[in-house]
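Participant: Below is one structure. I have some questions about it.
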Amino acid sequence: MTLPNIDHEKQIYCFKVFYAFLVVLLLRMNNPCIGCSEREMQALLALKQGLLDDDKSLLSWGREVQNKDCCQWDGVYCSNHTGDVVKLDLGDQSLEGDISPKLIHLQHLEYLNLSFNYFSLSKIPDFIGSLSNLRYLDLSYASFGDEIPNQLENLTHLEYLDLRSYSDYPIYAKNLNWLSNLSCLKHLDLSSTNLTGVVGWLEAVNMLPKLRNLILQGCNLPPPIISAVYVMNSSKSLVRVDLSWNYFNGSSIPASFGNMSSLAHLILHRSQLEGGIPNSFAKLCRLRELDLGSNSLSGQLSDFVETLSKCAQKTLESLDISYNPNISGSLPDLTNFLSLKHLSLGGNNLSGRIPESIGQMSKLETIGFGGNSLDGVISETHFSKLSKLSYLDLSSNSLLLNFSFDWIPPFQLRDINLKSCKMWLSSFPKWLQTQKNYTWLDISDAGISDTIPSLFWDLSPKLTFMDISHNQMRGTVGNVRLEFAPHLNLSWNQLEGPIPSILSEVSALDLSHNNISGAASFLCPTKDSSLSFLDLSGNHVSEELPDCWTYFKNLVFLDLSNNYFFGKIPTTMGYLFSIQTLRLSNNRFVGELPQFDNCGKLTLFDLGENNLSCSIPKWLGASLSNLVILILRGNQFYRSIPPQLCHLTRIQILDLSMNNISGTIPKCLNNLIVLAQKGNSDLAIQHAYYTYLGGGLRSWLYDDEASLTWKGVRSNTSKDWNVAGVRFP
């Protein structure tokens, strides 16, 4: 073998390079990890010493552990060539405490992730700005507070910066001048950072020529700025712009967004924008996601669609123009949008029929048309090729669903919202039994007058919310199987029979205004219940209440009114520590009222129309200071009114009528009448029960109401409470 014809010096140089490579390779084979330096080990140990680590995430860190090489410690990564610590990934480890300044000894660090920990709202350490080799810095949701340090401007190699904070405890910046040095930055997320006083935020962003992702969600950006958006240095590189949840106070969408040729994601959700869609959006040929939801935009939907169809019809995957009530018109044919997966147009002012051609859009996964004025018949043709559909919202329109009795849909839905959609022939939609994976089901007010098939109660194991209320459904409640603790609203139907005991395991249960009968033994679970809302009012349940209420520590709302319960009120009801609304009226309870002095959160307490017999307890005024409504009407309470009731400074309805009370009315009660003056805007009581459902935070709202008897006439009051609310014998 002969060497190529090259000069002698080059041969020597090549030999030296090859020899050096061979030596390194042999060393690596004998010692695959060079190991971090003593200085870096000391820095990591100092970091550990300053942190509280209840989850033992840093258990592998320390000289006393079996592996003394810090490159082998959890979350620590070293260079294969030098052994230097180059990556520290401690995200979501439940760490608390202080970050040691010795962290700056990790001078080769390129990646630092401290996200989703808890640093007690302390300031982001200035010395992080001395880690000059950082390429990646993630301090998101780490509960830092105070002002963003200007020293971050020294991180001139930084490509990724995420400083998202919780909206309740945001960090803030007085200016963004420090951004101008970060010329390598590609990803910037300052979501929920308070930028209220920042002037020139756009100019600062304009200095970032390589920026691809700009996310300033919920930053309180100054209102006038949005109208001044111009072509930025980064406009050719920007792929994602998210300025949602800001308050641009009636500004229009800047036309210059249309000049950002690489833009794929534009998110301006809930930003108080007005006007229509700029014509320049016709140039956004790479647009994949457009979210303009929850603004005050106006115009014809067809204008929005026409503008986008000129260039983005092949690329657009997600379109959200929902909850802009001034957007009107009919639904146009959207089949030209070949890639569309998510379509949300709910909460607008759309009218007319839904085109059958939507059934040809085979990539659709989400249809959100709820809360419009759409009408007409929905048939199987509308869904013929929608095999990927997982979210369907047609609620609160004037639609009639006409499917054949044995129709088997091509999809498996996760969310089904058909509230107020009427069913053909008022029959129960049998096709629902083919859906096995839904988490959310709402077919309330659907005009169903039919017997519920027994198979329907073989519910999806992933169910978190179901509302079948305000129909005329017949039958019994089945013995459902539940993996989660869902919210079930079965009210205002014609359901009958006993209540399965497993329903005590749900989070919220409304069975009011049915024909439920039988015993109340289902109320006795074998373990602590997660139930927070229970309404059995307006049924035929008859029995003594079981004495097992200590299991319901989370119960906030309990309504057993208008039934046939009898006997004494159980003493354990006095241990409902979370209860806010308790209604036991129109039953047959007798005897003394047990103590409820542990129920300090009570705002409505209704015991009217029973046969309770005792003096009015002093603890009603002494311990239940949050009471807004107290009704003892139509019982056998006797003796005088205790002056302790004068401590109910928030009381707005006090009804002690139709009892055997004697003596004089305490004069101090005159001071309470002022709180129930007509038109008082504080008289409404509304409870919101929040839970994480279907991937997001959802709420179930209930307005408390009470009936007030005045001169022999009973009237219901709710929400605005425009009544004077004191009634004595």
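Following the order of the structure tokens, first chain is A, next is B, and so on, with residues numbered from 1 inside each chain and ligands from 1 in the order they appear.
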For region 203-214 of chain A, list every protein, DNA or RNA residue within 8 Å, evaluated using only C-alpha atoms, and leave out those in the same chain fewer than 2 positions away; present the list as number ranges by chain.
Facilitator: A: 176-177, 179-180, 182-189, 200-201, 216, 232-234, 237-242
Participant: So which bits of region 236-451 of chain A end up alpha helix (DSSP H) when you DSSP the backbone, as a PDB file with N, CA, C and O atoms, in the first residue's frame?
Facilitator:
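Done, and the output landed in out11.pdb:
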ATOM      1  N   LEU A 301     -68.410  36.300   8.540  1.00  0.00           N
ATOM      2  CA  LEU A 301     -67.502  35.152   8.613  1.00  0.00           C
ATOM      3  C   LEU A 301     -66.929  34.836   7.235  1.00  0.00           C
ATOM      4  O   LEU A 301     -65.755  34.460   7.111  1.00  0.00           O
ATOM      5  N   SER A 302     -67.713  35.013   6.209  1.00  0.00           N
ATOM      6  CA  SER A 302     -67.246  34.708   4.860  1.00  0.00           C
ATOM      7  C   SER A 302     -66.039  35.558   4.473  1.00  0.00           C
ATOM      8  O   SER A 302     -65.167  35.105   3.724  1.00  0.00           O
ATOM      9  N   ASP A 303     -65.947  36.804   4.994  1.00  0.00           N
ATOM     10  CA  ASP A 303     -64.792  37.657   4.698  1.00  0.00           C
ATOM     11  C   ASP A 303     -63.519  37.088   5.323  1.00  0.00           C
ATOM     12  O   ASP A 303     -62.448  37.114   4.708  1.00  0.00           O
ATOM     13  N   PHE A 304     -63.645  36.591   6.567  1.00  0.00           N
ATOM     14  CA  PHE A 304     -62.497  35.972   7.232  1.00  0.00           C
ATOM     15  C   PHE A 304     -62.022  34.764   6.429  1.00  0.00           C
ATOM     16  O   PHE A 304     -60.829  34.587   6.178  1.00  0.00           O
ATOM     17  N   VAL A 305     -62.974  33.924   6.041  1.00  0.00           N
ATOM     18  CA  VAL A 305     -62.636  32.688   5.338  1.00  0.00           C
ATOM     19  C   VAL A 305     -62.028  32.988   3.969  1.00  0.00           C
ATOM     20  O   VAL A 305     -61.038  32.361   3.557  1.00  0.00           O
ATOM     21  N   GLU A 306     -62.593  33.970   3.265  1.00  0.00           N
ATOM     22  CA  GLU A 306     -62.090  34.300   1.934  1.00  0.00           C
ATOM     23  C   GLU A 306     -60.648  34.794   1.997  1.00  0.00           C
ATOM     24  O   GLU A 306     -59.812  34.411   1.166  1.00  0.00           O
ATOM     25  N   THR A 307     -60.347  35.644   2.995  1.00  0.00           N
ATOM     26  CA  THR A 307     -58.986  36.161   3.133  1.00  0.00           C
ATOM     27  C   THR A 307     -57.999  35.032   3.390  1.00  0.00           C
ATOM     28  O   THR A 307     -56.928  34.964   2.775  1.00  0.00           O
ATOM     29  N   LEU A 308     -58.346  34.127   4.273  1.00  0.00           N
ATOM     30  CA  LEU A 308     -57.431  33.040   4.628  1.00  0.00           C
ATOM     31  C   LEU A 308     -57.293  32.014   3.506  1.00  0.00           C
ATOM     32  O   LEU A 308     -56.246  31.368   3.374  1.00  0.00           O
ATOM     33  N   SER A 309     -58.326  31.857   2.709  1.00  0.00           N
ATOM     34  CA  SER A 309     -58.299  30.812   1.678  1.00  0.00           C
ATOM     35  C   SER A 309     -57.365  31.153   0.521  1.00  0.00           C
ATOM     36  O   SER A 309     -57.023  30.277  -0.271  1.00  0.00           O
TER      37      SER A 309
END
Participant: Contacts of region 134-138 of chain A at 8 Å or less, counting only C-alpha atoms, minus same-chain residues fewer than 4 places along, as a ChimeraX atom specification?
Facilitator: /A:108-115,155,157-163
Participant: Grab the residues selected above and save them as a short mmCIF file (atom, residue, chain, number, x, y, z; two decimals), in the first residue's frame with all heavy atoms.
Facilitator:
data_model
loop_
_atom_site.label_atom_id
_atom_site.label_comp_id
_atom_site.auth_asym_id
_atom_site.auth_seq_id
_atom_site.Cartn_x
_atom_site.Cartn_y
_atom_site.Cartn_z
N HIS A 108 -19.06 26.09 32.52
CA HIS A 108 -19.28 25.45 31.22
C HIS A 108 -20.75 25.07 31.01
O HIS A 108 -21.09 24.45 30.01
CB HIS A 108 -18.41 24.20 31.09
CG HIS A 108 -16.94 24.49 31.21
ND1 HIS A 108 -16.19 24.97 30.15
CD2 HIS A 108 -16.08 24.40 32.27
CE1 HIS A 108 -14.94 25.15 30.53
NE2 HIS A 108 -14.84 24.80 31.81
N LEU A 109 -21.60 25.47 31.97
CA LEU A 109 -23.01 25.10 31.91
C LEU A 109 -23.69 25.73 30.69
O LEU A 109 -23.60 26.94 30.47
CB LEU A 109 -23.72 25.56 33.19
CG LEU A 109 -25.06 24.90 33.52
CD1 LEU A 109 -24.87 23.41 33.79
CD2 LEU A 109 -25.69 25.56 34.75
N GLU A 110 -24.37 24.89 29.92
CA GLU A 110 -25.07 25.36 28.73
C GLU A 110 -26.59 25.24 28.88
O GLU A 110 -27.33 25.91 28.15
CB GLU A 110 -24.63 24.54 27.50
CG GLU A 110 -23.16 24.66 27.18
CD GLU A 110 -22.76 23.80 25.99
OE1 GLU A 110 -23.65 23.14 25.41
OE2 GLU A 110 -21.56 23.77 25.65
N TYR A 111 -27.02 24.43 29.82
CA TYR A 111 -28.46 24.13 29.96
C TYR A 111 -28.82 24.16 31.44
O TYR A 111 -28.22 23.43 32.24
CB TYR A 111 -28.73 22.75 29.36
CG TYR A 111 -30.16 22.27 29.37
CD1 TYR A 111 -30.88 22.17 28.18
CD2 TYR A 111 -30.80 21.87 30.54
CE1 TYR A 111 -32.19 21.69 28.16
CE2 TYR A 111 -32.09 21.41 30.54
CZ TYR A 111 -32.80 21.31 29.35
OH TYR A 111 -34.08 20.84 29.35
N LEU A 112 -29.79 25.00 31.82
CA LEU A 112 -30.22 25.09 33.21
C LEU A 112 -31.74 25.11 33.26
O LEU A 112 -32.39 26.00 32.70
CB LEU A 112 -29.67 26.35 33.87
CG LEU A 112 -30.11 26.61 35.34
CD1 LEU A 112 -29.69 25.45 36.24
CD2 LEU A 112 -29.55 27.93 35.84
N ASN A 113 -32.33 24.11 33.91
CA ASN A 113 -33.78 23.99 34.05
C ASN A 113 -34.13 23.86 35.53
O ASN A 113 -33.82 22.85 36.16
CB ASN A 113 -34.29 22.78 33.27
CG ASN A 113 -35.80 22.61 33.39
OD1 ASN A 113 -36.50 23.49 33.91
ND2 ASN A 113 -36.32 21.50 32.91
N LEU A 114 -34.76 24.90 36.07
CA LEU A 114 -35.23 24.89 37.46
C LEU A 114 -36.75 25.07 37.52
O LEU A 114 -37.29 25.47 38.55
CB LEU A 114 -34.55 26.01 38.25
CG LEU A 114 -33.02 25.92 38.38
CD1 LEU A 114 -32.48 27.16 39.08
CD2 LEU A 114 -32.61 24.67 39.14
N SER A 115 -37.44 24.77 36.44
CA SER A 115 -38.87 25.05 36.34
C SER A 115 -39.69 24.20 37.30
O SER A 115 -39.27 23.14 37.77
CB SER A 115 -39.35 24.79 34.91
OG SER A 115 -39.17 23.43 34.56
N LEU A 155 -25.99 36.95 28.99
CA LEU A 155 -26.10 35.59 28.44
C LEU A 155 -26.19 35.67 26.92
O LEU A 155 -27.21 35.35 26.29
CB LEU A 155 -27.34 34.90 29.02
CG LEU A 155 -27.39 34.81 30.56
CD1 LEU A 155 -28.68 34.14 31.02
CD2 LEU A 155 -26.18 34.06 31.10
N HIS A 157 -25.04 33.99 24.51
CA HIS A 157 -25.18 32.78 23.70
C HIS A 157 -26.57 32.15 23.87
O HIS A 157 -26.84 31.11 23.27
CB HIS A 157 -24.12 31.75 24.09
CG HIS A 157 -22.71 32.17 23.78
ND1 HIS A 157 -21.86 32.66 24.74
CD2 HIS A 157 -22.03 32.19 22.61
CE1 HIS A 157 -20.70 32.95 24.19
NE2 HIS A 157 -20.77 32.68 22.89
N LEU A 158 -27.42 32.77 24.67
CA LEU A 158 -28.71 32.17 25.00
C LEU A 158 -29.60 32.04 23.77
O LEU A 158 -29.76 32.99 23.00
CB LEU A 158 -29.42 33.02 26.07
CG LEU A 158 -30.48 32.32 26.91
CD1 LEU A 158 -29.87 31.18 27.72
CD2 LEU A 158 -31.17 33.32 27.84
N GLU A 159 -30.17 30.84 23.61
CA GLU A 159 -31.08 30.58 22.50
C GLU A 159 -32.52 30.35 22.98
O GLU A 159 -33.46 30.57 22.22
CB GLU A 159 -30.61 29.35 21.71
CG GLU A 159 -29.24 29.52 21.08
CD GLU A 159 -28.78 28.27 20.35
OE1 GLU A 159 -29.60 27.31 20.23
OE2 GLU A 159 -27.62 28.22 19.90
N TYR A 160 -32.67 29.92 24.23
CA TYR A 160 -33.99 29.57 24.76
C TYR A 160 -34.14 30.21 26.14
O TYR A 160 -33.33 29.97 27.03
CB TYR A 160 -34.13 28.05 24.86
CG TYR A 160 -35.49 27.54 25.31
CD1 TYR A 160 -36.40 27.01 24.40
CD2 TYR A 160 -35.86 27.57 26.66
CE1 TYR A 160 -37.64 26.53 24.81
CE2 TYR A 160 -37.09 27.10 27.08
CZ TYR A 160 -37.98 26.57 26.15
OH TYR A 160 -39.20 26.10 26.55
N LEU A 161 -35.19 31.03 26.32
CA LEU A 161 -35.44 31.69 27.61
C LEU A 161 -36.91 31.58 27.95
O LEU A 161 -37.77 32.06 27.21
CB LEU A 161 -35.02 33.15 27.56
CG LEU A 161 -35.28 33.98 28.84
CD1 LEU A 161 -34.53 33.38 30.02
CD2 LEU A 161 -34.90 35.44 28.63
N ASP A 162 -37.20 30.93 29.07
CA ASP A 162 -38.59 30.75 29.52
C ASP A 162 -38.67 31.22 30.98
O ASP A 162 -38.12 30.59 31.88
CB ASP A 162 -38.99 29.28 29.42
CG ASP A 162 -40.49 29.07 29.64
OD1 ASP A 162 -41.15 29.98 30.16
OD2 ASP A 162 -41.00 27.98 29.30
N LEU A 163 -39.37 32.35 31.18
CA LEU A 163 -39.53 32.93 32.52
C LEU A 163 -41.00 32.99 32.91
O LEU A 163 -41.39 33.83 33.73
CB LEU A 163 -38.92 34.33 32.58
CG LEU A 163 -37.43 34.45 32.28
CD1 LEU A 163 -36.99 35.91 32.40
CD2 LEU A 163 -36.60 33.58 33.22
#
Participant: Just checking: using only C-alpha atoms, which residue out of A:His105, A:Lys363, A:Lys430, A:Arg639 ends up closest to Lys388 (chain A)?
Facilitator: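 Going through A:His105, A:Lys363, A:Lys430, A:Arg639 one by one, the smallest distance to Lys388 (chain A) is for A:Lys363.
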Participant: Tell me which protein, DNA and RNA residues are within 6 Å of region 395-401 of chain A, counting only C-alpha atoms, leaving out same-chain ones fewer than 3 positions away, and put them as number ranges by chain.
Facilitator: A: 370-378, 417-424
Participant: Extract, using only C-alpha atoms, all DNA, RNA and protein residues at most 10 Å from His647 (chain A), discarding same-chain residues fewer than 2 positions from it, and format them as a PyMOL selection string.
Facilitator: chain A and resi 620-627+643-645+649-651+668-669+672
Participant: Within 7 Å of Ser322 (chain A), counting only C-alpha atoms, which residues qualify if same-chain residues fewer than 4 places away don't, as a PyMOL selection string?
Facilitator: chain A and resi 293-294+344-348
Participant: Write a file of the selected residues as a short mmCIF file (atom, residue, chain, number, x, y, z; two decimals), in the first residue's frame, keeping all heavy atoms.
Facilitator:
data_model
loop_
_atom_site.label_atom_id
_atom_site.label_comp_id
_atom_site.auth_asym_id
_atom_site.auth_seq_id
_atom_site.Cartn_x
_atom_site.Cartn_y
_atom_site.Cartn_z
N GLY A 293 -60.00 34.10 19.10
CA GLY A 293 -61.17 33.90 19.94
C GLY A 293 -61.27 34.88 21.09
O GLY A 293 -60.30 35.44 21.57
N SER A 294 -62.53 35.09 21.53
CA SER A 294 -62.84 35.90 22.72
C SER A 294 -62.32 37.33 22.59
O SER A 294 -61.67 37.86 23.49
CB SER A 294 -62.29 35.24 23.99
OG SER A 294 -62.86 33.97 24.18
N SER A 344 -63.24 26.22 15.53
CA SER A 344 -64.01 26.74 16.66
C SER A 344 -64.64 28.07 16.28
O SER A 344 -63.94 29.07 16.13
CB SER A 344 -63.10 26.91 17.88
OG SER A 344 -63.83 27.32 19.00
N LEU A 345 -65.97 28.05 16.12
CA LEU A 345 -66.71 29.24 15.72
C LEU A 345 -67.87 29.51 16.68
O LEU A 345 -68.80 30.24 16.35
CB LEU A 345 -67.26 29.07 14.30
CG LEU A 345 -66.24 28.77 13.19
CD1 LEU A 345 -66.94 28.48 11.87
CD2 LEU A 345 -65.28 29.93 13.04
N GLY A 346 -67.82 28.94 17.88
CA GLY A 346 -68.90 29.09 18.84
C GLY A 346 -68.98 30.49 19.43
O GLY A 346 -68.02 31.25 19.43
N GLY A 347 -70.17 30.83 19.95
CA GLY A 347 -70.34 32.09 20.65
C GLY A 347 -70.31 33.30 19.76
O GLY A 347 -70.04 34.41 20.23
N ASN A 348 -70.61 33.13 18.47
CA ASN A 348 -70.71 34.26 17.56
C ASN A 348 -72.19 34.53 17.27
O ASN A 348 -73.07 34.13 18.03
CB ASN A 348 -69.93 33.96 16.27
CG ASN A 348 -68.43 33.91 16.52
OD1 ASN A 348 -67.88 34.77 17.19
ND2 ASN A 348 -67.76 32.90 15.98
#
Participant: Could you check which of A:Asp458, A:Asp74, A:Asp467, A:Asp168 is closest to Asp445 (chain A), using only C-alpha atoms?
Facilitator: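 Using only C-alpha atoms, the shortest distance to Asp445 (chain A) belongs to A:Asp467.
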Participant: Env of Arg286 (chain A): 8 Å cut, atoms = only C-alpha atoms, seq-sep filter 5 positions within chain, self excluded. Answer as number ranges by chain.
Facilitator: A: 261-264, 312, 315-316
Participant: At what distance in Å, to one decimal, does CA of Leu413 (chain A) lie from CA of Asn479 (chain A)?
Facilitator: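 Result for CA of Asn479 (chain A) versus CA of Leu413 (chain A): 23.0 Å, one decimal.
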Participant: Calculated over only C-alpha atoms, which of the candidates A:Thr451, A:Asp291, A:Met466, A:Leu602 has the smallest distance to Ser491 (chain A)?
Facilitator: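 Among the listed residues, A:Met466 lies closest to Ser491 (chain A).
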Participant: For the structure I just gave you, how does DSSP split region 226-430 of chain A - specifically, which residues are strand (DSSP E or B)? Reply as an MDAnalysis selection string.
Facilitator: chainID A and resid 240:242 252 265:267 274:275 289:291 296:300 318:320 326:329 342:344 349:352 366:368 373:378 391:393 398:401 415:417 422:423
Participant: Quick one: distance from CA of Asp415 (chain A) to CA of Leu243 (chain A) in Å, one decimal?
Facilitator: 27.6 Å
